[in-house]
Amino acid sequence: MNIQWLTDGVSLPALDYQQLELWIKNVAMSHGFIVGDLNYIFCNDPKILEVNLQYLQHDYFTDIITFDYSRGRLIRGDMFISLDTVRTNAELVGSAYNAELLRVIIHGVLHLCGINDKGPGEREIMEANENDALNILNSL
């Protein structure tokens, strides 16, 4: 397991990364997966828009883009997280910034575990899994 916490144009958020890595490992295991190489790249809105346009041809801001390189039960991937959009979304839903950031961090892992959020009813399934994962974090 090798998790890297990188930045592009922003400062690294003040989080307990050792605890986050244990949490990510526990969440993946709860879904039957093993954590391999994960790269989190914290960035700003201009960078996430650039990545979204270049790789997905989407012309809009988003909180996270997950690139999945998993094989079998070993999850691997790159996750770009726009701290600007996380802050905006936290304000929109009336959530604390750090709480929203944690939700987005685990959202990417859940995608790597095969949970989707674009089809009918999938958003609710993803939210339930995010809530379960946040409960795991609170129990660590």
# chains A, B, ... in the order shown; residues from 1 in each chain; ligands from 1
>>> residues_around(residues="A:Ile34", least_positions_apart="2", cutoff="10 Å", atoms="only C-alpha atoms", output="PyMOL selection string")
chain A and resi 1+24-32+36+70+72-76+113
>>> residues_around(residues="stretch 52-55 of chain A", least_positions_apart="5", cutoff="8 Å", atoms="only C-alpha atoms", output="PyMOL selection string")
chain A and resi 60-61+65
>>> residues_around(residues="A:Glu127", least_positions_apart="5", cutoff="9 Å", atoms="only C-alpha atoms", output="MDAnalysis selection string")
chainID A and resid 107 117 122 132
>>> residues_around(residues="A:Met126", least_positions_apart="5", cutoff="10 Å", atoms="only C-alpha atoms", output="ChimeraX atom specification")
/A:107,110-111,115-118,121,131-132
>>> select_by_dssp(residues="stretch 22-74 of chain A", states="strand (DSSP E)", output="list of chain:residue names")
A:Ile34, A:Val35, A:Gly36, A:Asp37, A:Leu38, A:Asn39, A:Tyr40, A:Ile41, A:Phe42, A:Cys43, A:Ile64, A:Ile65, A:Thr66, A:Phe67, A:Asp68, A:Leu74
>>> write_last_selection(atoms="N, CA, C and O atoms", output="PDB file, in the first residue's frame")
ATOM      1  N   ILE A  34      -8.116  -4.641  -1.655  1.00  0.00           N
ATOM      2  CA  ILE A  34      -6.818  -4.344  -1.050  1.00  0.00           C
ATOM      3  C   ILE A  34      -6.317  -3.055  -1.684  1.00  0.00           C
ATOM      4  O   ILE A  34      -6.440  -2.862  -2.902  1.00  0.00           O
ATOM      5  N   VAL A  35      -5.731  -2.178  -0.876  1.00  0.00           N
ATOM      6  CA  VAL A  35      -5.229  -0.901  -1.375  1.00  0.00           C
ATOM      7  C   VAL A  35      -3.828  -1.075  -1.943  1.00  0.00           C
ATOM      8  O   VAL A  35      -2.931  -1.573  -1.268  1.00  0.00           O
ATOM      9  N   GLY A  36      -3.669  -0.658  -3.183  1.00  0.00           N
ATOM     10  CA  GLY A  36      -2.359  -0.603  -3.826  1.00  0.00           C
ATOM     11  C   GLY A  36      -1.884   0.833  -3.854  1.00  0.00           C
ATOM     12  O   GLY A  36      -2.004   1.551  -2.868  1.00  0.00           O
ATOM     13  N   ASP A  37      -1.373   1.272  -5.001  1.00  0.00           N
ATOM     14  CA  ASP A  37      -0.884   2.640  -5.138  1.00  0.00           C
ATOM     15  C   ASP A  37      -2.033   3.612  -5.409  1.00  0.00           C
ATOM     16  O   ASP A  37      -2.760   3.451  -6.387  1.00  0.00           O
ATOM     17  N   LEU A  38      -2.174   4.573  -4.523  1.00  0.00           N
ATOM     18  CA  LEU A  38      -3.177   5.623  -4.695  1.00  0.00           C
ATOM     19  C   LEU A  38      -2.462   6.971  -4.646  1.00  0.00           C
ATOM     20  O   LEU A  38      -1.622   7.202  -3.771  1.00  0.00           O
ATOM     21  N   ASN A  39      -2.798   7.833  -5.582  1.00  0.00           N
ATOM     22  CA  ASN A  39      -2.265   9.192  -5.602  1.00  0.00           C
ATOM     23  C   ASN A  39      -3.425  10.168  -5.495  1.00  0.00           C
ATOM     24  O   ASN A  39      -4.302  10.174  -6.365  1.00  0.00           O
ATOM     25  N   TYR A  40      -3.414  10.942  -4.439  1.00  0.00           N
ATOM     26  CA  TYR A  40      -4.371  12.034  -4.287  1.00  0.00           C
ATOM     27  C   TYR A  40      -3.664  13.305  -4.712  1.00  0.00           C
ATOM     28  O   TYR A  40      -2.589  13.613  -4.184  1.00  0.00           O
ATOM     29  N   ILE A  41      -4.238  14.028  -5.659  1.00  0.00           N
ATOM     30  CA  ILE A  41      -3.673  15.281  -6.110  1.00  0.00           C
ATOM     31  C   ILE A  41      -4.669  16.388  -5.780  1.00  0.00           C
ATOM     32  O   ILE A  41      -5.721  16.503  -6.421  1.00  0.00           O
ATOM     33  N   PHE A  42      -4.363  17.158  -4.732  1.00  0.00           N
ATOM     34  CA  PHE A  42      -5.219  18.282  -4.364  1.00  0.00           C
ATOM     35  C   PHE A  42      -4.882  19.442  -5.299  1.00  0.00           C
ATOM     36  O   PHE A  42      -3.706  19.754  -5.507  1.00  0.00           O
ATOM     37  N   CYS A  43      -5.925  20.066  -5.844  1.00  0.00           N
ATOM     38  CA  CYS A  43      -5.699  21.136  -6.820  1.00  0.00           C
ATOM     39  C   CYS A  43      -6.776  22.208  -6.671  1.00  0.00           C
ATOM     40  O   CYS A  43      -7.586  22.165  -5.744  1.00  0.00           O
ATOM     41  N   ILE A  64     -14.108  15.884  -7.649  1.00  0.00           N
ATOM     42  CA  ILE A  64     -13.115  14.815  -7.770  1.00  0.00           C
ATOM     43  C   ILE A  64     -13.217  14.161  -9.140  1.00  0.00           C
ATOM     44  O   ILE A  64     -14.325  13.993  -9.678  1.00  0.00           O
ATOM     45  N   ILE A  65     -12.063  13.817  -9.674  1.00  0.00           N
ATOM     46  CA  ILE A  65     -11.973  12.990 -10.871  1.00  0.00           C
ATOM     47  C   ILE A  65     -11.088  11.807 -10.493  1.00  0.00           C
ATOM     48  O   ILE A  65      -9.965  11.990 -10.005  1.00  0.00           O
ATOM     49  N   THR A  66     -11.594  10.601 -10.697  1.00  0.00           N
ATOM     50  CA  THR A  66     -10.885   9.389 -10.329  1.00  0.00           C
ATOM     51  C   THR A  66     -10.466   8.630 -11.577  1.00  0.00           C
ATOM     52  O   THR A  66     -11.306   8.311 -12.423  1.00  0.00           O
ATOM     53  N   PHE A  67      -9.178   8.361 -11.687  1.00  0.00           N
ATOM     54  CA  PHE A  67      -8.643   7.528 -12.757  1.00  0.00           C
ATOM     55  C   PHE A  67      -8.344   6.167 -12.151  1.00  0.00           C
ATOM     56  O   PHE A  67      -7.549   6.051 -11.219  1.00  0.00           O
ATOM     57  N   ASP A  68      -9.000   5.143 -12.660  1.00  0.00           N
ATOM     58  CA  ASP A  68      -8.972   3.796 -12.089  1.00  0.00           C
ATOM     59  C   ASP A  68      -7.964   2.918 -12.824  1.00  0.00           C
ATOM     60  O   ASP A  68      -8.116   2.665 -14.020  1.00  0.00           O
ATOM     61  N   LEU A  74      -7.118  -5.524  -6.279  1.00  0.00           N
ATOM     62  CA  LEU A  74      -6.139  -4.514  -5.897  1.00  0.00           C
ATOM     63  C   LEU A  74      -6.558  -3.173  -6.492  1.00  0.00           C
ATOM     64  O   LEU A  74      -6.595  -3.008  -7.709  1.00  0.00           O
TER      65      LEU A  74
END
>>> residues_around(residues="A:Leu20", least_positions_apart="3", cutoff="12 Å", atoms="only C-alpha atoms", output="PyMOL selection string")
chain A and resi 3-5+14-17+23-27+40+101-103+105-106+109+133-134+136-138+140
>>> atom_distance(atom1="atom CA of A:Phe80", atom2="atom CA of A:Val10")
12.0 Å
>>> closest_residue(among="A:Thr7, A:Glu130, A:Leu56, A:Asp84", to="A:Ala99", atoms="only C-alpha atoms")
A:Glu130
>>> residues_around(residues="A:Thr85", least_positions_apart="2", cutoff="12 Å", atoms="only C-alpha atoms", output="PyMOL selection string")
chain A and resi 42-49+60-65+80-83+87-92+97+100-101+104
>>> atom_distance(atom1="atom CA of A:Tyr69", atom2="atom CA of A:Phe33")
13.4 Å
>>> atom_distance(atom1="atom CA of A:His58", atom2="atom CA of A:Met79")
16.2 Å
